[in-house]
Amino acid sequence: MASKYININLKIWRQKNANSKGEMKTYKLDQVSTDSSFLEMLDQLNEQLINNREEPVAFDHDCREGICGMCSLYINGRAHGPDNAITTCQLHMRKFKDGDTIYVEPWRAKAFPVIKDLVVDRSAFDRIQQAGGFVSVNTSGRTMDANAIPIAKIDADKAFEAAICIGCGACVASCKNASAMLFVSAKVSQLALLPQGKVEAKERVMNMVRQMDEEGFGNCTNTGACSVECPKEISLDNIARMNREYMKAMVTAE
Ligand code: SF4
Ligand code: FES
C-alpha cells in the first residue's frame with residue numbers, strides 16, 4: 001500500500017516536573033507519514049519543537065517493538081491507543097485520518113506519579129517484583145537442568161501466557177480503581193504454575209500482595225477493563241488464580 005501523508009492536531013499533556021501543575025497544550029503537525037509509528041510521529045513533533053527552540057515532549061520508550069513496556073501513553077482515552085493487543089510503539093499513524101485531533105496523556109494513577117510530561121514513575125511495579133517475583137535457586141554449578149523436570153503441557157502454556165506480561169501498567173491506567181491485580185497476578189501465576197515456583201509460593205503471594213497494597217493501588221472490582229486493554233491480552237483467570245494462592249497461603253499461615 002502506498003504511503004500517505006496526513007496533517008494532525010495534537011493535544012499533549014505538558015508538565016514541567018512532579019510538583020508542577022500540568023496542562024494540555026495544542027500542536028499542529030503536518031506531513032506525517034501514515035507508515036510511521038506513533039513514537040516516530042512524536043519524534044517528528046520534537047524535531048519541530050527543537051527547531052522552534054521549544055522544549056521537546058518527554059516520553060518513555062526503549063525497545064520500540066512491544067517488548068520492554070516503557071511506551072506507556074493514554075491516546076484518545078485508551079491505554080496504548082485505538083487498537084487492540086499492541087503497545088504504543090506498535091501503533092501506526094494509519095490508524096488516524098487527515099485532520100484528526102489526537103489527545104495524548106500519561107498514565108493516571110496515584111501509584112504512578114508523573115515525572116515530566118508523558119513520563120510516569122512506575123517503580124512501584126519494580127518494588128512489587130522485588131517483594132517476591134523471583135525463584136531462589138542455587139546457581140552454583142550443581143543446579144538441575146530445568147528440562148529434566150517434567151511439566152504438564154497445559155501448565156507450561158498457562159505459565160508462558162502469564163509470563164508475557166511486560167509490566168507496562170496499561171492495566172492500572174485502564175482500571176477505574178487503578179488496581180494492579182492483573183500485573184501482580186500474572187507475576188504470581190507464572191511461578192505458581194511451575195514446580196520451581198511452588199517452594200516459595202506462600203511467601204511470594206503474601207509479600208507481593210502486601211507490597212501492592214502499600215504502593216497505593218486500588219482494589220479489583222471485576223470490571224475487566226485491565227484485560228481488554230492489556231497489550232499482551234493477559235487473562236483475568238490469573239487474578240482468580242492469585243486469589244486462590246492468597247487464600248491457600250492465609251489458611252496455612254503459621
Ligand atoms: S498485565 Fe498487561 S497491561 Fe498489565 S502490566 Fe502486564 S502487559 Fe501491561
Ligand atoms: S518501547 Fe518497548 S514496548 Fe514500546
# chains A, B, ... in the order shown; residues from 1 in each chain; ligands from 1
$ residues_near_ligand --ligand "ligand 2" --cutoff "9 Å" --atoms "only C-alpha atoms and all ligand atoms" --output "ChimeraX atom specification"
/A:39,60-72,86-90,166,168
$ closest_atom_pairs --of "chain A" --to "ligand 1" --cutoff "6 Å" --atoms "only C-alpha atoms and all ligand atoms" --output "Markdown table"
| residue | atom | partner | partner_atom_place_in_ligand_line | distance |
| --- | --- | --- | --- | --- |
| A:Cys165 | CA | ligand 1 | 6 (Fe) | 3.8 |
| A:Ile166 | CA | ligand 1 | 7 (S) | 4.4 |
| A:Gly167 | CA | ligand 1 | 5 (S) | 3.5 |
| A:Cys168 | CA | ligand 1 | 8 (Fe) | 3.9 |
| A:Gly169 | CA | ligand 1 | 5 (S) | 4.1 |
| A:Ala170 | CA | ligand 1 | 3 (S) | 4.0 |
| A:Cys171 | CA | ligand 1 | 3 (S) | 4.0 |
| A:Leu182 | CA | ligand 1 | 1 (S) | 4.9 |
| A:Phe183 | CA | ligand 1 | 1 (S) | 4.1 |
| A:Cys230 | CA | ligand 1 | 3 (S) | 3.8 |
| A:Pro231 | CA | ligand 1 | 2 (Fe) | 5.7 |
| A:Lys232 | CA | ligand 1 | 7 (S) | 5.1 |
| A:Ile234 | CA | ligand 1 | 1 (S) | 5.4 |
$ write_last_selection --atoms "N, CA and C atoms" --output "CSV table (one decimal), in the first residue's frame"
chain,number,residue,atom,x,y,z
A,165,CYS,N,3.6,-10.9,30.3
A,165,CYS,CA,3.3,-9.5,30.8
A,165,CYS,C,4.6,-8.7,30.8
A,166,ILE,N,4.5,-7.5,30.2
A,166,ILE,CA,5.7,-6.7,30.0
A,166,ILE,C,5.8,-5.6,31.1
A,167,GLY,N,4.9,-5.6,32.0
A,167,GLY,CA,4.9,-4.6,33.1
A,167,GLY,C,4.7,-3.2,32.6
A,168,CYS,N,3.9,-3.0,31.6
A,168,CYS,CA,3.7,-1.6,31.1
A,168,CYS,C,2.8,-0.8,31.9
A,169,GLY,N,1.9,-1.4,32.7
A,169,GLY,CA,1.0,-0.6,33.5
A,169,GLY,C,-0.3,-0.1,32.9
A,170,ALA,N,-0.6,-0.6,31.6
A,170,ALA,CA,-1.9,-0.2,31.0
A,170,ALA,C,-3.1,-0.7,31.8
A,171,CYS,N,-2.9,-1.9,32.5
A,171,CYS,CA,-4.0,-2.4,33.3
A,171,CYS,C,-4.4,-1.5,34.4
A,182,LEU,N,-4.0,-7.3,37.8
A,182,LEU,CA,-3.7,-8.1,36.6
A,182,LEU,C,-2.2,-8.3,36.5
A,183,PHE,N,-1.5,-7.2,36.7
A,183,PHE,CA,0.0,-7.3,36.7
A,183,PHE,C,0.5,-8.3,37.7
A,230,CYS,N,-5.0,-4.7,27.9
A,230,CYS,CA,-3.7,-5.2,28.1
A,230,CYS,C,-3.1,-5.5,26.7
A,231,PRO,N,-1.9,-5.0,26.3
A,231,PRO,CA,-1.3,-5.3,25.0
A,231,PRO,C,-0.9,-6.8,24.8
A,232,LYS,N,-0.8,-7.5,25.9
A,232,LYS,CA,-0.4,-8.9,25.8
A,232,LYS,C,-1.6,-9.8,26.2
A,234,ILE,N,-3.4,-10.5,28.8
A,234,ILE,CA,-3.3,-11.3,30.0
A,234,ILE,C,-4.7,-11.5,30.5
$ closest_residue --among "A:Ala253, A:Ala58, A:Ile12, A:Leu194" --to "Val135 (chain A)" --atoms "only C-alpha atoms"
A:Leu194
$ select_by_dssp --residues "region 84-163 of chain A" --states "strand (DSSP E or B)" --output "PyMOL selection string"
chain A and resi 92+101-105+114-116+119-120
$ write_last_selection --atoms "C-alpha atoms" --output "tab-separated table (two decimals), in the first residue's frame"
chain	number	residue	atom	x	y	z
A	92	HIS	CA	0.81	3.22	13.42
A	101	THR	CA	-7.19	15.73	16.78
A	102	ILE	CA	-5.29	13.28	18.98
A	103	TYR	CA	-5.19	13.54	22.78
A	104	VAL	CA	-2.02	12.20	24.40
A	105	GLU	CA	-1.76	11.86	28.18
A	114	VAL	CA	4.02	11.99	36.65
A	115	ILE	CA	7.75	12.84	36.49
A	116	LYS	CA	7.61	15.07	33.41
A	119	VAL	CA	6.68	10.09	31.70
A	120	VAL	CA	5.43	8.46	34.89
$ closest_residue --among "A:Gln48, A:Gln196, A:Thr143, A:Gln129" --to "Ala156 (chain A)" --atoms "only C-alpha atoms"
A:Gln196
